[in-house]
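Peer 1: Sharing a structure here in structure tokens format.
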2 protein chains.
Amino acid sequence: MALKIARKRLDPAIRSELILDEALRLFAERHFSVVTVRDIADACAINVGLIYYYFENKEQLVHRVLAHAIEQFQARYNADQDLNPAQQLVAYLTWHIPIASMLTRMVKLMADYSASAVRDPTTDNLIRNFYKKEQTDLEDLLTRGINERVFPPLNVAAVARSISLQLDGIFYASPSRGDNRIPEDIADLCHILETLQIKK
Amino acid sequence: MALKIARKRLDPAIRSELILDEALRLFAERHFSVVTVRDIADACAINVGLIYYYFENKEQLVHRVLAHAIEQFQARYNADQDLNPAQQLVAYLTWHIPIASMLTRMVKLMADYSASAVRDPTTDNLIRNFYKKEQTDLEDLLTRGINERVFPPLNVAAVARSISLQLDGIFYASPSRGDNRIPEDIADLCHILETLQIKK
């Protein structure tokens, strides 16, 4: 009984975050289309009605799960302005390591949603903007690096795309490879970018 | 009626290939765990009994679908022995383009299977060997390229891994990106490898 009361007193923001995290875990392991709101409630040990208090329906929940994952990735990364653009790029890539499990689940949900016949314009936009922002952020860092003579002249769009694809390879394929090499693969990617730099 | 007779006379090898192709399409769009043998029979416009004539059960079907996809990828690529190792590497990468749709589905099934709680040792082996062979083939081409002075000395294992991850990024993430850039991304990857070559 005490536990039940404690549960009810959870801050709504924390409660909804817990639901979103648990939903992402289930969506990634199975497929968002087969996970029911009841499955999520059971996994959170809460009443299914409480989920409907926070989320209108399953479609909105899928959208919010993805939005929450993308926010966790984007909002909590703050570049240290004392670093040069190449060091900021390395810091940006390295930031993927502590949140690797969450990112692996996030891209699984993106892949499942995108390969499915389900279409929700707000979710489509979310994914499109995620990739657009990644490409822009990488291009900005590379361009600043070239301007500050840290990098030699590069095809900025192509190098940014290549880094982005390499990151996708690391995260999307990690469960298939099953070799637990995300930190090493990110380190190797950082190393490739270091070899691009102008030696001083 | 005529059509029905024609169907029954299909060569068993062709028939089972058609079933495997259709199953891969359904597995990739939904999730192998929710696609039933009946769904596959319906999609092939055949009786469900015919599928059980060719395949013991669903688990074996999943395994055979993946094995068939990997075979299509591996067995039909033959390197032209007149090409130097760098050209063979480009030919190998370019070979991914005409079979891009099949490869996109193949990696989706690998990802779904690997992220799921289902474990089948023969399927685990299939995926492990697929990645092992890719890494070995890439390392062999790079090593021969270095020996023939087409490539400068390189960290062969790291470059092979990087190419492999980039290919994964291209194919696993293509539906999420939704920008239909597989041929361009492969061309860019070939271009990166060309810039690695020793200029003569």
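In the structure tokens, chains take letters A, B, ... by order of appearance, with residues numbered from 1 within each chain and ligands from 1 in the order shown.
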For chain B versus chain A, which residues have an atom no more than 7 Å away, and what is each residue's nearest atom pair and distance in Å rounded to one decimal, using only C-alpha atoms, chain-then-number order, as a Markdown table?
Peer 2:
| residue | atom | partner | partner_atom | distance |
| --- | --- | --- | --- | --- |
| B:Glu29 | CA | A:Ser116 | CA | 5.0 |
| B:Arg30 | CA | A:Ser116 | CA | 6.0 |
| B:His31 | CA | A:His31 | CA | 6.7 |
| B:Met110 | CA | A:Ser176 | CA | 5.9 |
| B:Ala111 | CA | A:Ser176 | CA | 5.4 |
| B:Ser114 | CA | A:Ser176 | CA | 5.2 |
| B:Ala115 | CA | A:Glu29 | CA | 5.3 |
| B:Ser116 | CA | A:Glu29 | CA | 5.0 |
| B:Arg128 | CA | A:Arg177 | CA | 6.7 |
| B:Leu165 | CA | A:Gly169 | CA | 4.6 |
| B:Gln166 | CA | A:Gln166 | CA | 4.7 |
| B:Asp168 | CA | A:Gly169 | CA | 4.5 |
| B:Gly169 | CA | A:Gly169 | CA | 3.6 |
| B:Ile170 | CA | A:Leu165 | CA | 6.1 |
| B:Tyr172 | CA | A:Tyr172 | CA | 6.3 |
| B:Ala173 | CA | A:Asp168 | CA | 6.4 |
| B:Pro175 | CA | A:Ser114 | CA | 5.5 |
| B:Ser176 | CA | A:Ser114 | CA | 5.2 |
| B:Arg177 | CA | A:Arg128 | CA | 6.7 |
Peer 1: Write out, as an mmCIF file, in the first residue's frame, the residues just selected, with C-alpha atoms.
Peer 2:
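In the end it all went to selection.cif:
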data_model
loop_
_atom_site.group_PDB
_atom_site.id
_atom_site.type_symbol
_atom_site.label_atom_id
_atom_site.label_comp_id
_atom_site.auth_asym_id
_atom_site.auth_seq_id
_atom_site.Cartn_x
_atom_site.Cartn_y
_atom_site.Cartn_z
ATOM 1 C CA GLU B 29 7.677 -4.589 -43.704
ATOM 2 C CA ARG B 30 6.165 -5.958 -40.500
ATOM 3 C CA HIS B 31 8.251 -8.122 -38.184
ATOM 4 C CA MET B 110 18.800 -9.317 -39.388
ATOM 5 C CA ALA B 111 18.086 -6.297 -37.169
ATOM 6 C CA SER B 114 18.911 -9.776 -33.463
ATOM 7 C CA ALA B 115 16.958 -7.267 -31.336
ATOM 8 C CA SER B 116 14.294 -9.866 -30.486
ATOM 9 C CA ARG B 128 27.942 -13.942 -37.643
ATOM 10 C CA LEU B 165 29.977 0.087 -41.110
ATOM 11 C CA GLN B 166 29.438 2.625 -43.867
ATOM 12 C CA ASP B 168 25.525 -0.899 -42.927
ATOM 13 C CA GLY B 169 24.669 2.769 -42.476
ATOM 14 C CA ILE B 170 23.646 3.009 -46.135
ATOM 15 C CA TYR B 172 20.002 -0.190 -42.530
ATOM 16 C CA ALA B 173 19.138 3.529 -42.393
ATOM 17 C CA PRO B 175 14.192 3.613 -45.111
ATOM 18 C CA SER B 176 14.534 5.992 -42.113
ATOM 19 C CA ARG B 177 16.280 8.643 -44.204
#
Peer 1: Counting only C-alpha atoms, what is within 10 Å of Gly49 in chain B, bar same-chain residues fewer than 4 positions away, as a ChimeraX atom specification?
Peer 2: /B:37-38,41,53-55
Peer 1: What would the file look like if the residues just selected were written as a PDB file, in the first residue's frame with all heavy atoms?
Peer 2:
ATOM      1  N   VAL B  37       2.577 -18.013 -41.369  1.00  0.00           N
ATOM      2  CA  VAL B  37       2.782 -18.807 -42.581  1.00  0.00           C
ATOM      3  C   VAL B  37       1.591 -18.588 -43.526  1.00  0.00           C
ATOM      4  O   VAL B  37       1.749 -18.523 -44.743  1.00  0.00           O
ATOM      5  CB  VAL B  37       2.974 -20.301 -42.221  1.00  0.00           C
ATOM      6  CG1 VAL B  37       3.045 -21.166 -43.475  1.00  0.00           C
ATOM      7  CG2 VAL B  37       4.246 -20.477 -41.393  1.00  0.00           C
ATOM      8  N   ARG B  38       0.412 -18.379 -42.944  1.00  0.00           N
ATOM      9  CA  ARG B  38      -0.776 -18.111 -43.768  1.00  0.00           C
ATOM     10  C   ARG B  38      -0.655 -16.773 -44.503  1.00  0.00           C
ATOM     11  O   ARG B  38      -1.026 -16.664 -45.670  1.00  0.00           O
ATOM     12  CB  ARG B  38      -2.047 -18.135 -42.893  1.00  0.00           C
ATOM     13  CG  ARG B  38      -3.333 -17.820 -43.657  1.00  0.00           C
ATOM     14  CD  ARG B  38      -4.587 -18.250 -42.932  1.00  0.00           C
ATOM     15  NE  ARG B  38      -4.642 -19.680 -42.680  1.00  0.00           N
ATOM     16  CZ  ARG B  38      -5.038 -20.584 -43.576  1.00  0.00           C
ATOM     17  NH1 ARG B  38      -5.407 -20.215 -44.786  1.00  0.00           N
ATOM     18  NH2 ARG B  38      -5.055 -21.861 -43.259  1.00  0.00           N
ATOM     19  N   ALA B  41       1.485 -17.475 -47.453  1.00  0.00           N
ATOM     20  CA  ALA B  41       0.733 -18.251 -48.454  1.00  0.00           C
ATOM     21  C   ALA B  41      -0.227 -17.336 -49.211  1.00  0.00           C
ATOM     22  O   ALA B  41      -0.294 -17.368 -50.446  1.00  0.00           O
ATOM     23  CB  ALA B  41      -0.024 -19.383 -47.772  1.00  0.00           C
ATOM     24  N   TYR B  53       5.092 -27.969 -47.242  1.00  0.00           N
ATOM     25  CA  TYR B  53       5.735 -28.997 -48.058  1.00  0.00           C
ATOM     26  C   TYR B  53       7.212 -28.636 -48.261  1.00  0.00           C
ATOM     27  O   TYR B  53       8.093 -29.485 -48.254  1.00  0.00           O
ATOM     28  CB  TYR B  53       5.009 -29.112 -49.410  1.00  0.00           C
ATOM     29  CG  TYR B  53       5.676 -30.009 -50.409  1.00  0.00           C
ATOM     30  CD1 TYR B  53       5.573 -31.401 -50.313  1.00  0.00           C
ATOM     31  CD2 TYR B  53       6.427 -29.471 -51.453  1.00  0.00           C
ATOM     32  CE1 TYR B  53       6.206 -32.221 -51.231  1.00  0.00           C
ATOM     33  CE2 TYR B  53       7.059 -30.292 -52.377  1.00  0.00           C
ATOM     34  CZ  TYR B  53       6.943 -31.663 -52.268  1.00  0.00           C
ATOM     35  OH  TYR B  53       7.566 -32.470 -53.169  1.00  0.00           O
ATOM     36  N   TYR B  54       7.480 -27.353 -48.385  1.00  0.00           N
ATOM     37  CA  TYR B  54       8.852 -26.885 -48.621  1.00  0.00           C
ATOM     38  C   TYR B  54       9.614 -26.560 -47.337  1.00  0.00           C
ATOM     39  O   TYR B  54      10.833 -26.701 -47.291  1.00  0.00           O
ATOM     40  CB  TYR B  54       8.852 -25.633 -49.503  1.00  0.00           C
ATOM     41  CG  TYR B  54       8.484 -25.907 -50.941  1.00  0.00           C
ATOM     42  CD1 TYR B  54       7.234 -25.556 -51.435  1.00  0.00           C
ATOM     43  CD2 TYR B  54       9.399 -26.517 -51.800  1.00  0.00           C
ATOM     44  CE1 TYR B  54       6.892 -25.798 -52.757  1.00  0.00           C
ATOM     45  CE2 TYR B  54       9.066 -26.772 -53.119  1.00  0.00           C
ATOM     46  CZ  TYR B  54       7.811 -26.412 -53.590  1.00  0.00           C
ATOM     47  OH  TYR B  54       7.498 -26.664 -54.885  1.00  0.00           O
ATOM     48  N   PHE B  55       8.882 -26.097 -46.330  1.00  0.00           N
ATOM     49  CA  PHE B  55       9.535 -25.635 -45.102  1.00  0.00           C
ATOM     50  C   PHE B  55       8.871 -26.259 -43.887  1.00  0.00           C
ATOM     51  O   PHE B  55       7.655 -26.227 -43.759  1.00  0.00           O
ATOM     52  CB  PHE B  55       9.463 -24.104 -45.008  1.00  0.00           C
ATOM     53  CG  PHE B  55       9.974 -23.417 -46.243  1.00  0.00           C
ATOM     54  CD1 PHE B  55       9.091 -22.977 -47.219  1.00  0.00           C
ATOM     55  CD2 PHE B  55      11.336 -23.248 -46.453  1.00  0.00           C
ATOM     56  CE1 PHE B  55       9.547 -22.362 -48.375  1.00  0.00           C
ATOM     57  CE2 PHE B  55      11.802 -22.645 -47.606  1.00  0.00           C
ATOM     58  CZ  PHE B  55      10.902 -22.198 -48.577  1.00  0.00           C
TER      59      PHE B  55
END
Peer 1: Excluding Ala67 in chain A and residues on its chain fewer than 5 positions from it, collect all residues at most 9 Å away from it, counting only C-alpha atoms, and give them as a count of residues only.
Peer 2: 5
Peer 1: Please report the interatomic distance between CA of Ile182 in chain A and CA of His96 in chain A in Å with one decimal.
Peer 2: 9.0 Å
Peer 1: Do you know which residues are at most 9 Å from range 88-95 of chain A counting only C-alpha atoms, after dropping those on the same chain fewer than 3 positions away, and could you put them as a list of chain:residue names?
Peer 2: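 With the cut-off at 9 Å, the set is A:Phe73, A:Tyr77, A:Asn78, A:Ala79, A:Asp80, A:Gln81, A:Asp82, A:Leu83, A:Asn84, A:Pro85, A:Pro98, A:Ile99, A:Ala100, A:Leu138, A:Leu141, A:Leu142, A:Leu167, A:Pro183, A:Ile186, A:Ala187, A:Leu189, A:Cys190, A:His191, A:Leu193, A:Glu194.
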